[in-house]
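Structure first, then comments.
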Amino acid sequence: MKRITTGIPRLDKLVEGGYPEGAVVLVSGSPGAGKTIYAMQFLIDGARKGDKGLYISFEESVKNVKMQADEFGWNLDALERKNQLRVVSLMVAHSNITKVLDEIESLVRKFMPKRLVLDSLSTLGVFTEIETQVDHGKELLSNVFGEAIIRKAIITLVERLRAFDTITTIVTSELQEGSPWYSRDTVSEFACDGVVKLSKIDAAGKRLLTVVKMRATKHQFLPKTIEIGDKGIVILE
């Protein structure tokens, strides 16, 4: 099986050399745990190895994404000029989720990246409206009444991404404190091929990374201490 490197120092050794090519990996964590950095680091690693990357944000502007990348010395403008990377912001508030999924697929087909990031599924689920067919016609339901439809849409999205069997994808999701799930939608962890949990223990001043699940991979389950430095995330010895 071909492996795609993670971009996180020492993580590849924990997952038999990297993610399985074509896998969809969920990166879950609380706010500030490092999800966006983790995902961007994956794309930067790919660009250095000649893999085109596509970053789609549902909550941040392109400007803000690039500003955050600059903090780690990642010049996204330069990579875009070389056609190695593309950063797209999809503002999904009050958008129809079916149209959003179609737009994601259209962007992927046009750019045909080797590596893809969707940041984050939590925003996609919270702010999109759901169009559903009922006996008397079509009506719009908010996510409060349409959680089951959101879950179905997430499964559909993962299936579409997996159909691009040479594109390896990271999707991020917010981890709610005290929740037994690894995503806000409670279904991503089952639909995705892998799950990586990022934890922030404020009282101990520590950050942890745990590989919860990885298809077709023998991996370690014990949490590893990580640090966010000036070059991104590293797993400590």
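Labels used: A, B, ... for chains in the order of the structure tokens, numbers from 1 for residues in each chain, and numbers from 1 for ligands as shown.
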What's around segment 109-112 of chain A at 10 Å? Count only C-alpha atoms, leave out sequence neighbours fewer than 4 positions away in its own chain, and write the answer as a list in words.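 Near neighbours after the sequence-gap exclusion: Lys52, Gly53, Leu54, Asn83, Gln84, Leu85, Arg86, Glu103, Ile104, Glu105, Leu116, Phe164, Thr166 and Ile167 of chain A.
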Convert the current residue selection to file output with N, CA and C atoms, as a PDB file, in the first residue's frame.
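Output contents, as saved in out_7.pdb:
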```pdb
ATOM      1  N   LYS A  52       0.608  18.470  -5.243  1.00  0.00           N
ATOM      2  CA  LYS A  52      -0.275  19.635  -5.224  1.00  0.00           C
ATOM      3  C   LYS A  52      -1.241  19.532  -4.045  1.00  0.00           C
ATOM      4  N   GLY A  53      -1.514  20.681  -3.406  1.00  0.00           N
ATOM      5  CA  GLY A  53      -2.401  20.700  -2.255  1.00  0.00           C
ATOM      6  C   GLY A  53      -3.512  21.723  -2.404  1.00  0.00           C
ATOM      7  N   LEU A  54      -4.688  21.383  -1.903  1.00  0.00           N
ATOM      8  CA  LEU A  54      -5.844  22.281  -1.923  1.00  0.00           C
ATOM      9  C   LEU A  54      -6.366  22.426  -0.495  1.00  0.00           C
ATOM     10  N   ASN A  83       1.763  26.989  -8.614  1.00  0.00           N
ATOM     11  CA  ASN A  83       0.659  26.053  -8.832  1.00  0.00           C
ATOM     12  C   ASN A  83       0.817  24.777  -8.002  1.00  0.00           C
ATOM     13  N   GLN A  84       1.498  24.882  -6.871  1.00  0.00           N
ATOM     14  CA  GLN A  84       1.662  23.748  -5.975  1.00  0.00           C
ATOM     15  C   GLN A  84       0.589  23.710  -4.894  1.00  0.00           C
ATOM     16  N   LEU A  85      -0.059  24.851  -4.691  1.00  0.00           N
ATOM     17  CA  LEU A  85      -1.035  24.958  -3.616  1.00  0.00           C
ATOM     18  C   LEU A  85      -2.126  25.947  -4.012  1.00  0.00           C
ATOM     19  N   ARG A  86      -3.332  25.692  -3.529  1.00  0.00           N
ATOM     20  CA  ARG A  86      -4.412  26.651  -3.705  1.00  0.00           C
ATOM     21  C   ARG A  86      -5.186  26.749  -2.400  1.00  0.00           C
ATOM     22  N   GLU A 103     -19.835  22.216  -4.840  1.00  0.00           N
ATOM     23  CA  GLU A 103     -18.751  23.184  -5.038  1.00  0.00           C
ATOM     24  C   GLU A 103     -17.407  22.591  -4.631  1.00  0.00           C
ATOM     25  N   ILE A 104     -17.407  21.852  -3.521  1.00  0.00           N
ATOM     26  CA  ILE A 104     -16.171  21.194  -3.084  1.00  0.00           C
ATOM     27  C   ILE A 104     -15.691  20.226  -4.159  1.00  0.00           C
ATOM     28  N   GLU A 105     -16.599  19.416  -4.660  1.00  0.00           N
ATOM     29  CA  GLU A 105     -16.231  18.436  -5.686  1.00  0.00           C
ATOM     30  C   GLU A 105     -15.738  19.123  -6.955  1.00  0.00           C
ATOM     31  N   LEU A 116      -5.556  17.145   0.127  1.00  0.00           N
ATOM     32  CA  LEU A 116      -6.708  18.031   0.305  1.00  0.00           C
ATOM     33  C   LEU A 116      -6.993  18.220   1.785  1.00  0.00           C
ATOM     34  N   PHE A 164     -12.131   9.826  -5.080  1.00  0.00           N
ATOM     35  CA  PHE A 164     -10.875  10.295  -5.673  1.00  0.00           C
ATOM     36  C   PHE A 164      -9.753   9.485  -5.031  1.00  0.00           C
ATOM     37  N   THR A 166      -6.800   8.680  -5.410  1.00  0.00           N
ATOM     38  CA  THR A 166      -5.388   9.089  -5.317  1.00  0.00           C
ATOM     39  C   THR A 166      -5.221  10.376  -4.512  1.00  0.00           C
ATOM     40  N   ILE A 167      -6.319  10.912  -3.999  1.00  0.00           N
ATOM     41  CA  ILE A 167      -6.268  12.137  -3.195  1.00  0.00           C
ATOM     42  C   ILE A 167      -6.407  11.768  -1.724  1.00  0.00           C
TER      43      ILE A 167
END
```
Members of segment 62-181 of chain A assigned strand (DSSP E) by DSSP, as a PDB file with C-alpha atoms, in the first residue's frame:
```pdb
ATOM      1  CA  LEU A  85      -1.035  24.958  -3.616  1.00  0.00           C
ATOM      2  CA  ARG A  86      -4.412  26.651  -3.705  1.00  0.00           C
ATOM      3  CA  VAL A  87      -6.248  28.226  -0.766  1.00  0.00           C
ATOM      4  CA  VAL A  88     -10.013  28.714  -1.060  1.00  0.00           C
ATOM      5  CA  SER A  89     -12.514  30.182   1.391  1.00  0.00           C
ATOM      6  CA  ARG A 115      -3.506  16.348  -0.895  1.00  0.00           C
ATOM      7  CA  LEU A 116      -6.708  18.031   0.305  1.00  0.00           C
ATOM      8  CA  VAL A 117      -7.796  19.759   3.524  1.00  0.00           C
ATOM      9  CA  LEU A 118     -11.330  20.713   4.576  1.00  0.00           C
ATOM     10  CA  ASP A 119     -11.348  22.974   7.649  1.00  0.00           C
ATOM     11  CA  ILE A 130     -30.553  21.732   4.644  1.00  0.00           C
ATOM     12  CA  GLU A 131     -32.860  21.385   1.691  1.00  0.00           C
ATOM     13  CA  THR A 132     -35.210  18.436   2.031  1.00  0.00           C
ATOM     14  CA  GLN A 133     -37.999  17.065  -0.147  1.00  0.00           C
ATOM     15  CA  VAL A 134     -41.409  16.846   1.555  1.00  0.00           C
ATOM     16  CA  GLY A 137     -42.711  20.546  -2.004  1.00  0.00           C
ATOM     17  CA  LYS A 138     -39.338  21.770  -0.813  1.00  0.00           C
ATOM     18  CA  GLU A 139     -38.696  23.525   2.452  1.00  0.00           C
ATOM     19  CA  LEU A 140     -35.623  24.684   4.337  1.00  0.00           C
ATOM     20  CA  LEU A 141     -34.854  23.299   7.778  1.00  0.00           C
ATOM     21  CA  THR A 168      -5.471  11.907   0.517  1.00  0.00           C
ATOM     22  CA  THR A 169      -7.692  14.162   2.612  1.00  0.00           C
ATOM     23  CA  ILE A 170      -7.643  15.682   6.075  1.00  0.00           C
ATOM     24  CA  VAL A 171     -10.924  16.981   7.486  1.00  0.00           C
ATOM     25  CA  THR A 172     -10.998  18.790  10.819  1.00  0.00           C
ATOM     26  CA  SER A 173     -13.721  18.896  13.428  1.00  0.00           C
ATOM     27  CA  GLU A 174     -14.186  20.515  16.804  1.00  0.00           C
TER      28      GLU A 174
END
```
Which distance in Å separates atom CA of Asp12 of chain A and atom CA of Lys82 of chain A, to one decimal?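 Between these atoms lies a distance of 26.8 Å.
Between Gly32 of chain A and the candidates A:Lys99, A:Arg151, A:Lys114, A:Arg207, the tightest atom-to-atom separation, counting only C-alpha atoms, involves A:Arg207.
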Name the closest residue to Arg184 of chain A among the candidates A:Ile44, A:Leu26, A:Val212, A:Leu222; distances are taken between atoms, counting only C-alpha atoms.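 So, comparing all the options, the nearest one is A:Leu26.
We find atom CA of Met1 of chain A and atom CA of Gly18 of chain A to be spaced 10.3 Å apart.
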For Ile37 of chain A, list every protein, DNA or RNA residue within 8 Å, evaluated using only C-alpha atoms, and leave out those in the same chain fewer than 3 positions away; present the list as a CSV table (one decimal) with C-alpha atoms, in the first residue's frame.
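Written output follows (out_7.csv):
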```csv
chain,number,residue,atom,x,y,z
A,34,GLY,CA,-3.6,22.8,16.7
A,40,MET,CA,-1.6,23.0,6.8
A,41,GLN,CA,1.6,21.2,7.8
A,69,ALA,CA,0.8,30.2,7.8
A,232,GLY,CA,4.8,23.7,13.3
A,233,ILE,CA,3.9,20.6,15.2
```
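Among the candidates A:Asp185, A:Glu16, A:Glu227, A:Asp45, the residue lying nearest to Ser199 of chain A is A:Glu227 (atoms considered: only C-alpha atoms).
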DSSP says alpha helix (DSSP H) for which residues of segment 11-202 of chain A? Put them as a PyMOL selection string? chain A and resi 35-48+62-70+76-81+97-111+121-127+147-163+188-191
Can you tell me how far atom CA of Gly22 of chain A sits from atom CA of Lys152 of chain A, in Å to one decimal?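 According to the coordinates, atom CA of Gly22 of chain A and atom CA of Lys152 of chain A are separated by 20.9 Å.
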Just checking: using only C-alpha atoms, which residue out of A:Val196, A:Glu59, A:Leu101, A:Val108 ends up closest to Ala153 of chain A?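 Using only C-alpha atoms, the shortest distance to Ala153 of chain A belongs to A:Leu101.
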So that I can check the surroundings of Ser188 of chain A, please list as a list of chain:residue names every protein, DNA and RNA residue that reaches within 7 Å of it, counting only C-alpha atoms and ignoring chain neighbours fewer than 4 positions away. A:Ile154, A:Ser183, A:Cys192
Atoms kept (C-alpha atoms) for selection, written as a PDB file, in the first residue's frame:
```pdb
ATOM      1  CA  ILE A 154     -21.167  14.256   5.921  1.00  0.00           C
ATOM      2  CA  SER A 183     -16.687  15.147  16.057  1.00  0.00           C
ATOM      3  CA  CYS A 192     -13.490   8.472   7.853  1.00  0.00           C
TER       4      CYS A 192
END
```
Using only C-alpha atoms, determine which residues lie at most 10 Å from Leu90 of chain A, disregarding the query and same-chain residues fewer than 3 positions distant; provide the list as a list in words.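 Neighbouring residues, sequence-local ones excluded: Ile56, Ser57, Phe58, Glu59, Glu60, Ser61, Val62, Ala93, Ser95, Val100, Glu103, Ile104 and Leu124 of chain A.
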